[in-house]
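I have placed the structure first, in the form of structure tokens, so that the comments after it can refer back to it.
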Amino acid sequence: MIEYCLVQNALSENSKNYIAKVHRLENKDLEDVIKYMIQEGSGLTRPQALAYFERLTQAVMHFTEEGHSVSTPLFQVRTTITGIFDDFFDSYDPKRHELNIRISSGKRMQMFSKKIKVKKVTRSLYSPWLKSFFDAVSEKEDLIATPGNIGKLEGSNLKFDPHDNRQGVFFISSEEPHTHFRAASYSGISPSSVHLLIPALPAGKYSIEIRCLSRSKKNLMSDFLYKKIEVLA
């Protein structure tokens with residue numbers, strides 16, 4: 001079941017237009033996939049499941065590196081090159097051009113998407129929504145957090161009181177879900193973005209949560225970034 005609510009379309013000149021905002025639950029990573037694969041009755045052991053996944057990964061990377069596109073019922077992989085070439089005789093320069101790997105849904109996933117049920121839910125238009133996280137050191141989006149350096153969250157209704165310890169940006173350990181690290185320093189807080197100093201985080205994966213008070217100042221509202229962020233050792 002996919003839950004969604006409607007929010008006003010800020011990009012439309014017609015103020016009556018609304019777009020759907022999908023409510024995403026916690027992001028599931030490889031560990032979650034492996035655990036599902038080896039559930040009782042599957043006949044698979046953990047080493048087998050990991051080996052199958054690794055071999056599939058190697059095969060896709062092999063064909064991609066050779067210049068092929070890869071098409072499976074689950075996904076499709078293709079490569080593109082972005083950047084401007086000065087003239088017909090110009091060549092690929094990694095300083096000016098970038099090779100990108102594009103992944104899209106395969107036929108089975110496309111058919112599957114038509115079977116998924118959706119449910120409209122009522123959610124306050126003023127509740128926070130996290131869209132993305134940018135790490136200034138690695139210059140990666142929704143992938144890495146570098147402790148002690150600047151990070152940027154983007155979304156809507158993100159403004160909060162940094163002096164209230166109940167509110168703010170929290171990094172929640174995937175290995176120890178009860179362990180929360182609150183960002184203590186912020187250089188900018190607005191409804192659409194938050195600039196923060198990433199706290200001292202041990203290596204591992206984290207969920208990012210933002211918490212703020214409702215307009216009535218009575219209820220604490222929150223939202224999670226749809227993807228887990230990794231802190232490298």
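As shown in the structure tokens, the chain order sets the letters A, B, ...; within each chain, residues go from 1, and ligands are also counted from 1 in the order they appear.
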
Task: Selection: 9 Å around range 208-218 of chain A, only C-alpha atoms, excl. self and same-chain fewer than 2 positions, as a PyMOL selection string - done: chain A and resi 126-130+133+157-161+166-172+206+220-229

Residue selection dump (N, CA, C and O atoms) as a compact mmCIF listing (two decimals), in the first residue's frame:
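Wrote it out as again_30.txt, contents follow:
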```txt
# COMPACT_ATOMS: atom_id res chain seq x y z
N TYR A 126 1.24 21.77 6.50
CA TYR A 126 2.35 22.44 7.16
C TYR A 126 3.34 21.45 7.79
O TYR A 126 4.27 21.85 8.45
N SER A 127 3.14 20.16 7.57
CA SER A 127 4.06 19.18 8.12
C SER A 127 5.34 19.18 7.29
O SER A 127 5.34 19.46 6.10
N PRO A 128 6.48 18.88 7.93
CA PRO A 128 7.76 18.92 7.22
C PRO A 128 7.88 17.80 6.18
O PRO A 128 7.27 16.74 6.33
N TRP A 129 8.68 18.08 5.16
CA TRP A 129 8.93 17.09 4.11
C TRP A 129 10.39 17.22 3.68
O TRP A 129 10.82 18.29 3.23
N LEU A 130 11.16 16.14 3.85
CA LEU A 130 12.56 16.12 3.45
C LEU A 130 12.69 15.59 2.03
O LEU A 130 12.24 14.48 1.73
N PHE A 133 19.44 15.46 0.81
CA PHE A 133 20.55 15.84 1.70
C PHE A 133 21.81 15.95 0.87
O PHE A 133 22.15 15.04 0.10
N ASN A 157 8.54 23.19 4.61
CA ASN A 157 8.12 23.31 6.01
C ASN A 157 9.18 22.78 6.97
O ASN A 157 8.89 22.05 7.91
N LEU A 158 10.43 23.16 6.73
CA LEU A 158 11.55 22.65 7.53
C LEU A 158 11.94 23.55 8.69
O LEU A 158 12.81 23.18 9.48
N LYS A 159 11.34 24.71 8.81
CA LYS A 159 11.79 25.66 9.83
C LYS A 159 11.46 25.16 11.23
O LYS A 159 10.38 24.63 11.49
N PHE A 160 12.41 25.35 12.14
CA PHE A 160 12.24 24.91 13.53
C PHE A 160 13.06 25.83 14.44
O PHE A 160 13.85 26.66 13.98
N ASP A 161 12.87 25.63 15.74
CA ASP A 161 13.59 26.41 16.74
C ASP A 161 14.84 25.64 17.15
O ASP A 161 14.74 24.61 17.83
N ARG A 166 14.05 19.38 21.45
CA ARG A 166 13.10 18.43 20.87
C ARG A 166 13.07 18.56 19.35
O ARG A 166 12.69 17.62 18.65
N GLN A 167 13.43 19.73 18.87
CA GLN A 167 13.38 20.02 17.45
C GLN A 167 14.78 19.95 16.84
O GLN A 167 15.78 19.96 17.55
N GLY A 168 14.82 19.90 15.51
CA GLY A 168 16.11 19.92 14.83
C GLY A 168 16.28 18.76 13.87
O GLY A 168 15.33 18.07 13.50
N VAL A 169 17.54 18.54 13.48
CA VAL A 169 17.91 17.47 12.56
C VAL A 169 18.60 16.37 13.35
O VAL A 169 19.55 16.64 14.10
N PHE A 170 18.13 15.15 13.19
CA PHE A 170 18.65 14.01 13.95
C PHE A 170 19.16 12.93 13.01
O PHE A 170 18.51 12.62 12.00
N PHE A 171 20.32 12.37 13.34
CA PHE A 171 20.89 11.25 12.61
C PHE A 171 20.67 10.00 13.47
O PHE A 171 21.14 9.94 14.60
N ILE A 172 19.97 9.02 12.93
CA ILE A 172 19.58 7.84 13.69
C ILE A 172 20.32 6.62 13.15
O ILE A 172 20.21 6.28 11.97
N TYR A 206 22.88 5.80 8.47
CA TYR A 206 21.98 6.59 9.30
C TYR A 206 20.73 7.02 8.52
O TYR A 206 20.80 7.28 7.32
N LEU A 220 4.56 17.77 18.02
CA LEU A 220 5.84 17.62 17.36
C LEU A 220 5.64 16.83 16.07
O LEU A 220 5.10 15.73 16.08
N MET A 221 6.05 17.42 14.96
CA MET A 221 5.91 16.77 13.66
C MET A 221 7.30 16.40 13.14
O MET A 221 8.30 17.03 13.49
N SER A 222 7.35 15.37 12.30
CA SER A 222 8.65 14.93 11.79
C SER A 222 8.53 14.32 10.41
O SER A 222 7.44 13.97 9.96
N ASP A 223 9.68 14.17 9.77
CA ASP A 223 9.74 13.46 8.49
C ASP A 223 11.14 12.88 8.33
O ASP A 223 12.12 13.44 8.84
N PHE A 224 11.22 11.73 7.65
CA PHE A 224 12.49 11.07 7.39
C PHE A 224 12.90 11.26 5.94
O PHE A 224 12.05 11.27 5.03
N LEU A 225 14.21 11.38 5.71
CA LEU A 225 14.72 11.33 4.36
C LEU A 225 14.50 9.91 3.84
O LEU A 225 14.72 8.94 4.57
N TYR A 226 14.08 9.78 2.59
CA TYR A 226 13.70 8.48 2.06
C TYR A 226 14.87 7.51 1.94
O TYR A 226 14.68 6.29 1.85
N LYS A 227 16.10 8.01 1.95
CA LYS A 227 17.27 7.15 1.76
C LYS A 227 18.22 7.25 2.93
O LYS A 227 18.39 8.31 3.52
N LYS A 228 18.86 6.14 3.28
CA LYS A 228 19.84 6.14 4.36
C LYS A 228 21.15 6.74 3.88
O LYS A 228 21.55 6.58 2.72
N ILE A 229 21.83 7.45 4.79
CA ILE A 229 23.09 8.11 4.50
C ILE A 229 24.22 7.34 5.17
O ILE A 229 24.07 6.84 6.30
```

Task: Backbone-only DSSP, alpha helix (DSSP H) members of range 65-184 of chain A, as a ChimeraX atom specification - done: /A:65,107-113

TODO: Write out as a list of chain:residue names each polymer residue whose atoms come within 12 Å of Ser105 in chain A, counting only C-alpha atoms; drop sequence neighbours fewer than 5 positions from it.
DONE: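 So, after excluding close chain neighbours, the residues are A:Val70, A:Ser71, A:Thr72, A:Pro73, A:Leu74, A:Phe75, A:Gln76, A:Val77, A:Arg78, A:Gln110, A:Met111, A:Phe112, A:Ser113.
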
TODO: Please identify all polymer residues within 6 Å of range 188-198 of chain A, counting only C-alpha atoms, omitting same-chain residues fewer than 5 positions from it, and present them as number ranges by chain.
DONE: A: 147-159

Open item on the list: Going by DSSP on the backbone, which residues of chain A come out as strand (DSSP E or B)? List them as a ChimeraX atom specification.
Closed with: /A:2-8,18-23,70-71,75-82,98-105,118-120,129-135,140-141,144,150-156,168-173,180-182,186-189,193-197,204-213,220-224,229-231
